[in-house]
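Enquirer: One structure is given below, represented as structure tokens, and several questions about it will come after.
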Amino acid sequence: MEHNDRVVVIDHPMVQHKLSKLRNKNTSSKDFRQLVRELALFEGYEATRDLALEDVKVETPICTADCKQVAGKKMVIVPILRAGLGMVDGLQELMPSTFVGHLGMYRDPETHEPHEYYAKLPDSIDQRDVLVVDPMLATGGSAVAAIQYLRKQGVKNIKLMVLVAAPEGIEAVLEADPDVRIYTCSIDEGLNERAYIVPGLGDAGDRIFGTK
């Protein structure tokens with residue numbers, strides 16, 4: 001795993017193996033969804049590595065044991081619609097009690113700029129840590145807009161989880177917010193003339209939901 005300031009690249013062998021299958025244009029929509037879920041679970045372990053713990057006594061079948069449990073309020077997962085929805089199941093498998101908010105962003109096909117069209121978040125989100133999830137970080141426009149929206153709601157601790165990222169998107173996010181941390185399985189080469197990540201995954205939303 002490579003650390004670079006506020007960027008963490010998860011390069012576990014199984015992550016890289018699954019990522020190669022995810023990239024394959026012949027991977028079916030069903031398998032693509034499953035791979036996104038599995039990779040989100042892997043990433044979730046790293047993104048939650050610094051969660052605060054507290055002491056707790058547990059009665060085992062043998063005796064009383066001194067153990068640890070996660071302290072504080074439950075985390076909120078905020079997928080950027082629609083592709084981000086594909087990562088929620090994997091994270092909730094890791095953290096079943098987490099809350100889920102939703103932010104809808106669409107990218108203008110001409111300007112590639114993000115526009116918000118839907119927002120539904122837990123009332124207490126300003127008191128909780130937030131994981132923003134989206135399979136792809138391309139220009140960074142949608143991620144920056146989502147993070148800025150959450151900051152306006154009072155959220156203090158935000159992490160961005162993606163599966164593949166373009167250097168342009170990483171730079172945009174880090175420049176726009178001084179505190180956010182980014183987790184990704186790969187930093188790809190860059191963007192093409194249509195602002196798609198190269199080599200990337202294609203359109204993650206279409207591949208998850210079987211649309212074109």
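Letters for chains follow the order of the structure tokens (A, B, ...), residue numbers begin at 1 for each chain, and ligand numbers begin at 1 in the order shown.
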Please identify every residue of stretch 50-118 of chain A that has at least one atom no farther than 12 Å from an atom of stretch 153-159 of chain A, counting only C-alpha atoms, and for each give the shortest atom pair and the distance in Å to one decimal, arranged by chain then increasing number, as JSON lines.

Expert:
{"residue": "A:Asp50", "atom": "CA", "partner": "A:Lys159", "partner_atom": "CA", "distance": 11.6}
{"residue": "A:Leu51", "atom": "CA", "partner": "A:Asn157", "partner_atom": "CA", "distance": 11.4}
{"residue": "A:Met75", "atom": "CA", "partner": "A:Asn157", "partner_atom": "CA", "distance": 10.1}
{"residue": "A:Val76", "atom": "CA", "partner": "A:Ile158", "partner_atom": "CA", "distance": 9.8}
{"residue": "A:Ile77", "atom": "CA", "partner": "A:Lys159", "partner_atom": "CA", "distance": 9.8}
{"residue": "A:Val78", "atom": "CA", "partner": "A:Ile158", "partner_atom": "CA", "distance": 10.0}
{"residue": "A:Pro79", "atom": "CA", "partner": "A:Lys159", "partner_atom": "CA", "distance": 11.7}

Enquirer: Just to be explicit: take each residue in the selection above, keep all heavy atoms, and write the result as a compact mmCIF listing (two decimals), in the first residue's frame.

Expert:
# COMPACT_ATOMS: atom_id res chain seq x y z
N ASP A 50 -8.31 4.03 11.12
CA ASP A 50 -8.04 4.96 12.21
C ASP A 50 -9.26 5.26 13.08
O ASP A 50 -9.27 6.24 13.83
CB ASP A 50 -7.47 6.27 11.65
CG ASP A 50 -8.43 6.94 10.66
OD1 ASP A 50 -9.46 6.33 10.32
OD2 ASP A 50 -8.13 8.08 10.25
N LEU A 51 -10.30 4.44 12.98
CA LEU A 51 -11.47 4.65 13.84
C LEU A 51 -11.08 4.53 15.32
O LEU A 51 -10.28 3.68 15.69
CB LEU A 51 -12.57 3.63 13.53
CG LEU A 51 -13.33 3.79 12.21
CD1 LEU A 51 -14.37 2.68 12.07
CD2 LEU A 51 -14.00 5.16 12.13
N MET A 75 -20.69 5.85 11.49
CA MET A 75 -20.27 6.54 10.27
C MET A 75 -21.42 6.62 9.27
O MET A 75 -22.37 5.83 9.32
CB MET A 75 -19.10 5.76 9.66
CG MET A 75 -18.47 6.40 8.46
SD MET A 75 -16.95 5.51 7.98
CE MET A 75 -15.83 6.10 9.24
N VAL A 76 -21.34 7.59 8.37
CA VAL A 76 -22.32 7.73 7.29
C VAL A 76 -21.63 7.47 5.95
O VAL A 76 -20.56 8.03 5.68
CB VAL A 76 -22.96 9.13 7.27
CG1 VAL A 76 -23.94 9.27 6.11
CG2 VAL A 76 -23.68 9.41 8.59
N ILE A 77 -22.23 6.62 5.13
CA ILE A 77 -21.75 6.38 3.76
C ILE A 77 -22.59 7.26 2.84
O ILE A 77 -23.82 7.23 2.90
CB ILE A 77 -21.92 4.91 3.36
CG1 ILE A 77 -21.22 3.99 4.35
CG2 ILE A 77 -21.40 4.67 1.94
CD1 ILE A 77 -21.63 2.53 4.22
N VAL A 78 -21.92 8.04 2.00
CA VAL A 78 -22.64 8.90 1.06
C VAL A 78 -22.21 8.56 -0.36
O VAL A 78 -21.15 9.01 -0.83
CB VAL A 78 -22.40 10.39 1.35
CG1 VAL A 78 -23.12 11.26 0.31
CG2 VAL A 78 -22.89 10.76 2.74
N PRO A 79 -22.98 7.73 -1.06
CA PRO A 79 -22.66 7.46 -2.46
C PRO A 79 -23.06 8.63 -3.34
O PRO A 79 -24.09 9.27 -3.12
CB PRO A 79 -23.51 6.22 -2.78
CG PRO A 79 -24.68 6.33 -1.85
CD PRO A 79 -24.16 6.98 -0.59

Enquirer: Output as a ChimeraX atom specification all residues of stretch 48-134 of chain A that backbone DSSP marks as strand (DSSP E or B).

Expert: /A:53-59,64-70,76-81,99-100,102-107,114-120,130-133

Enquirer: Show which residues sit within 10 Å of A:Ala145, as a compact mmCIF listing (two decimals) with N, CA and C atoms, in the first residue's frame. Count only C-alpha atoms, and ignore same-chain residues fewer than 2 positions away.

Expert:
# COMPACT_ATOMS: atom_id res chain seq x y z
N LEU A 103 -26.30 11.62 -2.51
CA LEU A 103 -26.09 12.85 -3.25
C LEU A 103 -26.15 12.54 -4.74
N MET A 105 -25.48 13.70 -8.47
CA MET A 105 -24.73 14.62 -9.32
C MET A 105 -24.78 14.09 -10.75
N GLU A 113 -19.00 19.65 -16.30
CA GLU A 113 -19.18 20.20 -14.96
C GLU A 113 -20.31 19.47 -14.23
N PRO A 114 -20.18 19.28 -12.89
CA PRO A 114 -21.20 18.56 -12.14
C PRO A 114 -22.38 19.46 -11.76
N HIS A 115 -23.56 18.86 -11.68
CA HIS A 115 -24.75 19.57 -11.24
C HIS A 115 -25.47 18.69 -10.21
N GLU A 116 -25.87 19.29 -9.10
CA GLU A 116 -26.58 18.54 -8.06
C GLU A 116 -28.06 18.46 -8.41
N GLY A 140 -12.80 15.09 -11.17
CA GLY A 140 -12.92 15.50 -9.77
C GLY A 140 -14.08 16.43 -9.51
N GLY A 141 -14.77 16.85 -10.56
CA GLY A 141 -15.85 17.82 -10.41
C GLY A 141 -16.96 17.37 -9.48
N SER A 142 -17.46 16.16 -9.69
CA SER A 142 -18.56 15.66 -8.85
C SER A 142 -18.10 15.46 -7.40
N ALA A 143 -16.90 14.93 -7.22
CA ALA A 143 -16.38 14.70 -5.88
C ALA A 143 -16.19 16.02 -5.14
N ILE A 147 -18.15 17.06 -1.76
CA ILE A 147 -17.41 17.41 -0.53
C ILE A 147 -17.78 18.82 -0.07
N GLN A 148 -17.87 19.75 -1.00
CA GLN A 148 -18.23 21.12 -0.64
C GLN A 148 -19.65 21.17 -0.07
N TYR A 149 -20.56 20.41 -0.64
CA TYR A 149 -21.93 20.36 -0.12
C TYR A 149 -21.93 19.83 1.32
N LEU A 150 -21.16 18.77 1.57
CA LEU A 150 -21.11 18.19 2.92
C LEU A 150 -20.46 19.15 3.91
N ARG A 151 -19.45 19.88 3.49
CA ARG A 151 -18.84 20.89 4.38
C ARG A 151 -19.88 21.93 4.77
N VAL A 173 -9.37 17.49 -6.25
CA VAL A 173 -9.96 17.27 -4.93
C VAL A 173 -9.05 17.81 -3.82
N ALA A 176 -9.08 21.56 -3.72
CA ALA A 176 -10.35 22.15 -3.31
C ALA A 176 -10.62 22.02 -1.82

Enquirer: Quick check, in Å to one decimal: how far apart do atom CA of A:Gly104 and atom CA of A:Arg37 lie?

Expert: 19.7 Å

Enquirer: Would you pick out the contacts of A:Gly169 at 7 Å or less, using only C-alpha atoms, so that residues sharing its chain but fewer than 3 positions from it are not included, and give the list as an mmCIF file with N, CA, C and O atoms, in the first residue's frame?

Expert:
data_model
loop_
_atom_site.group_PDB
_atom_site.id
_atom_site.type_symbol
_atom_site.label_atom_id
_atom_site.label_comp_id
_atom_site.auth_asym_id
_atom_site.auth_seq_id
_atom_site.Cartn_x
_atom_site.Cartn_y
_atom_site.Cartn_z
ATOM 1 N N LEU A 137 -12.873 8.525 -10.070
ATOM 2 C CA LEU A 137 -12.517 9.921 -9.843
ATOM 3 C C LEU A 137 -11.839 10.405 -11.124
ATOM 4 O O LEU A 137 -10.659 10.136 -11.336
ATOM 5 N N ALA A 138 -12.598 11.080 -11.977
ATOM 6 C CA ALA A 138 -12.093 11.504 -13.278
ATOM 7 C C ALA A 138 -11.608 12.957 -13.203
ATOM 8 O O ALA A 138 -10.493 13.228 -12.800
ATOM 9 N N THR A 139 -12.466 13.911 -13.553
ATOM 10 C CA THR A 139 -12.077 15.322 -13.456
ATOM 11 C C THR A 139 -12.060 15.797 -12.013
ATOM 12 O O THR A 139 -11.415 16.790 -11.686
ATOM 13 N N GLY A 140 -12.805 15.094 -11.167
ATOM 14 C CA GLY A 140 -12.918 15.499 -9.766
ATOM 15 C C GLY A 140 -14.079 16.433 -9.507
ATOM 16 O O GLY A 140 -14.361 16.778 -8.357
ATOM 17 N N ALA A 165 -8.652 6.274 -10.104
ATOM 18 C CA ALA A 165 -8.568 7.729 -10.073
ATOM 19 C C ALA A 165 -7.610 8.236 -11.143
ATOM 20 O O ALA A 165 -6.578 7.612 -11.405
ATOM 21 N N ALA A 166 -7.957 9.351 -11.746
ATOM 22 C CA ALA A 166 -7.053 10.049 -12.656
ATOM 23 C C ALA A 166 -6.259 11.080 -11.856
ATOM 24 O O ALA A 166 -6.791 11.673 -10.913
ATOM 25 N N ALA A 172 -7.479 17.944 -8.293
ATOM 26 C CA ALA A 172 -8.617 18.850 -8.118
ATOM 27 C C ALA A 172 -9.211 18.733 -6.723
ATOM 28 O O ALA A 172 -9.533 19.741 -6.081
ATOM 29 N N VAL A 173 -9.371 17.494 -6.246
ATOM 30 C CA VAL A 173 -9.963 17.275 -4.927
ATOM 31 C C VAL A 173 -9.053 17.808 -3.821
ATOM 32 O O VAL A 173 -9.501 18.494 -2.895
#

Enquirer: Quick one: residues within 7 Å of stretch 199-208 of chain A, only C-alpha atoms counted, chain neighbours fewer than 4 positions away excluded, as a list of chain:residue names?

Expert: A:Leu22, A:Arg23, A:Ser29, A:Phe32, A:Arg33, A:Arg82, A:Ala83, A:Gly86, A:Pro135, A:Val164, A:Asp188, A:Glu189, A:Lys212

Enquirer: Excluding A:Ala47 and any residue of its chain fewer than 6 positions from it, enumerate the residues within 9 Å of it, using only C-alpha atoms, and give them as a list in words.

Expert: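 Those residues are Val8, Leu131, Lys159, Leu160, Met161, Arg181, Ile182 and Tyr183 of chain A.
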
Enquirer: Please write the residues from the selection above to a file, keeping C-alpha atoms, as a compact mmCIF listing (two decimals), in the first residue's frame.

Expert:
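Listed below is the output, result37.txt:
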# COMPACT_ATOMS: atom_id res chain seq x y z
CA VAL A 8 -3.77 6.06 -0.11
CA LEU A 131 -17.27 8.22 3.57
CA LYS A 159 -12.89 10.54 3.28
CA LEU A 160 -13.33 9.89 -0.44
CA MET A 161 -13.28 6.27 -1.61
CA ARG A 181 -8.26 11.94 2.33
CA ILE A 182 -8.56 9.88 -0.85
CA TYR A 183 -8.54 6.07 -1.02

Enquirer: Atom CA of A:Glu43 and atom CA of A:Gln92, how far apart in Å?

Expert: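 Atom-to-atom, atom CA of A:Gln92 and atom CA of A:Glu43 are spaced 12.2 Å apart.
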
Enquirer: Rank A:Ala195, A:Leu174, A:Ala40, A:Ala52 by their smallest atom-to-atom distance to A:Gly84, using only C-alpha atoms, and report the top residue only.

Expert: A:Ala40

Enquirer: Which residues, written as a PyMOL selection string, have at least one atom at most 9 Å from A:Glu38, with only C-alpha atoms counted and residues fewer than 3 positions away on the same chain left out?

Expert: chain A and resi 15+18+33-35+41-43+87+89-91

Enquirer: Using only C-alpha atoms for the distances, tell me which of A:Gln127, A:Asn24, A:Val7, A:Asp55 is nearest to A:Pro167.

Expert: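 Among the listed residues, A:Val7 lies closest to A:Pro167.
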
Enquirer: Could you tell me which of A:Met14, A:Leu121, A:Val198, A:Leu85 comes closest to A:Val162 if we count only C-alpha atoms?

Expert: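 Comparing A:Met14, A:Leu121, A:Val198, A:Leu85 against A:Val162, the winner is A:Leu85.
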
Enquirer: If I take atom CA of A:Thr27 and atom CA of A:Leu163, how far is one from the other in Å, to one decimal?

Expert: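 Atom CA of A:Leu163 lies at a distance of 16.1 Å from atom CA of A:Thr27.
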
Enquirer: My list of candidates is A:Lys25, A:Lys152, A:His12, A:Lys120. Which is closest to A:Glu46 when distances are computed with only C-alpha atoms?

Expert: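 Using only C-alpha atoms, A:Glu46 sits closest to A:His12.
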